[in-house]
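A.B. asks: Pasting in a structure now, in structure tokens, and then I'll have a few things to ask.
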Amino acid sequence: MTTQRTSWALAREAAGLLLTALGVLGVLAALGTLHWAASLSVAMAGILAVGILSTPKPDEPRWAHALRIGACTVGYGGLTGCAFALCVPLGWIGVALAVTAVGLWLTSRKQVAA
């Protein structure tokens with residue numbers, strides 16, 4: 001059995017990727033007609049999801065880990081900024097969640113004996 005894909009399988013995959021991209025673009029355009037921050041919020045949530053779901057292995061290069069941290073930072077920061085634009089209390093909820101996450105991260109770190 002061969003591991004090469006047939007031309008039909010490649011064409012099917014290319015068509016699926018194109019339709020997925022056009023569908024996402026359609027959703028963002030429709031949300032953009034409602035409010036610019038709604039469309040941008042969905043885009044930022046997508047960037048945040050990519051950052052969360054892409055987990056590089058420990059032996060991956062340092063830039064892979066930095067890219068993941070950057071995607072999470074840009075996604076969450078953009079999402080919080082859009083929340084402020086849509087409704088100010090939602091923005092403060094985003095800030096409070098970030099502060100809570102940092103507090104939990106600090107308390108869960110192992111203590112090093114001096």
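Quick note on naming: the chains in the structure tokens go A, B, ... in the order shown, residues restart at 1 in each chain, and ligands are numbered from 1 in order of appearance.
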Dump as a tab-separated table the rows for residues of segment 18-76 of chain A within 12 Å of segment 94-100 of chain A: closest atom pair and distance in Å with one decimal, only C-alpha atoms counted, ordered by chain and rising residue number.
C.D. replies:
```
residue	atom	partner	partner_atom	distance
A:Cys72	CA	A:Ala98	CA	11.7
A:Thr73	CA	A:Ala98	CA	10.5
A:Gly75	CA	A:Gly94	CA	11.9
A:Tyr76	CA	A:Gly94	CA	8.3
```
A.B. asks: Within chain A, find each residue whose DSSP state, derived from the backbone, is alpha helix (DSSP H), and express the selection as a PyMOL selection string.
C.D. replies: chain A and resi 7-34+36-53+62-86+88-108
A.B. asks: Which residues are near Ile52 of chain A? Cut-off 8 Å, only C-alpha atoms, ignore same chain within fewer than 3 positions. Put them as a PyMOL selection string.
C.D. replies: chain A and resi 48-49+55+68+72
A.B. asks: Can I get the selected residues back with all heavy atoms, as a tab-separated table (two decimals), in the first residue's frame?
C.D. replies:
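Just written: selection_0.tsv:
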```tsv
chain	number	residue	atom	x	y	z
A	48	LEU	N	-6.69	33.24	19.70
A	48	LEU	CA	-6.50	32.68	21.04
A	48	LEU	C	-6.65	31.17	21.03
A	48	LEU	O	-5.86	30.45	21.67
A	48	LEU	CB	-7.49	33.32	22.02
A	48	LEU	CG	-7.44	32.83	23.45
A	48	LEU	CD1	-6.09	33.14	24.08
A	48	LEU	CD2	-8.55	33.47	24.27
A	49	ALA	N	-7.62	30.66	20.28
A	49	ALA	CA	-7.81	29.21	20.20
A	49	ALA	C	-6.62	28.52	19.55
A	49	ALA	O	-6.19	27.45	20.00
A	49	ALA	CB	-9.09	28.89	19.41
A	55	THR	N	0.25	23.10	20.99
A	55	THR	CA	1.12	22.82	22.12
A	55	THR	C	2.44	22.23	21.60
A	55	THR	O	2.50	21.06	21.25
A	55	THR	CB	0.45	21.81	23.07
A	55	THR	OG1	-0.88	22.23	23.32
A	55	THR	CG2	1.19	21.72	24.37
A	68	ARG	N	3.66	30.58	20.38
A	68	ARG	CA	2.43	30.20	21.07
A	68	ARG	C	2.05	31.24	22.13
A	68	ARG	O	0.90	31.65	22.24
A	68	ARG	CB	2.60	28.84	21.73
A	68	ARG	CG	1.36	28.43	22.48
A	68	ARG	CD	1.52	27.11	23.18
A	68	ARG	NE	0.24	26.72	23.74
A	68	ARG	CZ	0.10	26.10	24.88
A	68	ARG	NH1	1.16	25.78	25.58
A	68	ARG	NH2	-1.09	25.78	25.33
A	72	CYS	N	-1.36	33.63	22.12
A	72	CYS	CA	-2.27	33.72	23.27
A	72	CYS	C	-2.38	35.15	23.77
A	72	CYS	O	-3.47	35.63	24.09
A	72	CYS	CB	-1.79	32.80	24.40
A	72	CYS	SG	-2.02	31.05	24.06
```
A.B. asks: Which residue out of A:Thr20, A:Ser108, A:Ser54, A:Ser39 has the minimum interatomic distance to Ala83 of chain A when only C-alpha atoms are used?
C.D. replies: A:Ser39
A.B. asks: Which residue out of A:Ala15, A:Val88, A:Ile47, A:Ala21 has the minimum interatomic distance to Gly70 of chain A when only C-alpha atoms are used?
C.D. replies: A:Ile47
A.B. asks: Between A:Leu53, A:Val42, A:Ala101, A:Leu10, which one has atoms that come closest to Leu79 of chain A, using only C-alpha atoms?
C.D. replies: A:Val42
A.B. asks: Can you pull out every residue within 9 Å of Gly91 of chain A, counting only C-alpha atoms, but drop anything in the same chain fewer than 6 positions away, and send it as an MDAnalysis selection string?
C.D. replies: chainID A and resid 79:85
A.B. asks: Name the closest residue to Ala66 of chain A among the candidates A:Gly26, A:Gly46, A:Gly78, A:Gly51; distances are taken between atoms, counting only C-alpha atoms.
C.D. replies: A:Gly51
A.B. asks: Would you mind reading off the distance between atom CA of Val74 of chain A and atom CA of Ala37 of chain A, one decimal, in Å?
C.D. replies: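 Separation of atom CA of Val74 of chain A and atom CA of Ala37 of chain A: 15.2 Å.
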A.B. asks: As an exercise, work out the distance from atom CA of Ala43 of chain A to atom CA of Gly77 of chain A in Å and give it to one decimal place.
C.D. replies: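 Atom CA of Ala43 of chain A sits 12.0 Å away from atom CA of Gly77 of chain A.
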A.B. asks: Using Å and a single decimal, report how far atom CA of Val50 of chain A sits from atom CA of Gly103 of chain A.
C.D. replies: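 If I compute the distance from atom CA of Gly103 of chain A to atom CA of Val50 of chain A, I get 23.6 Å.
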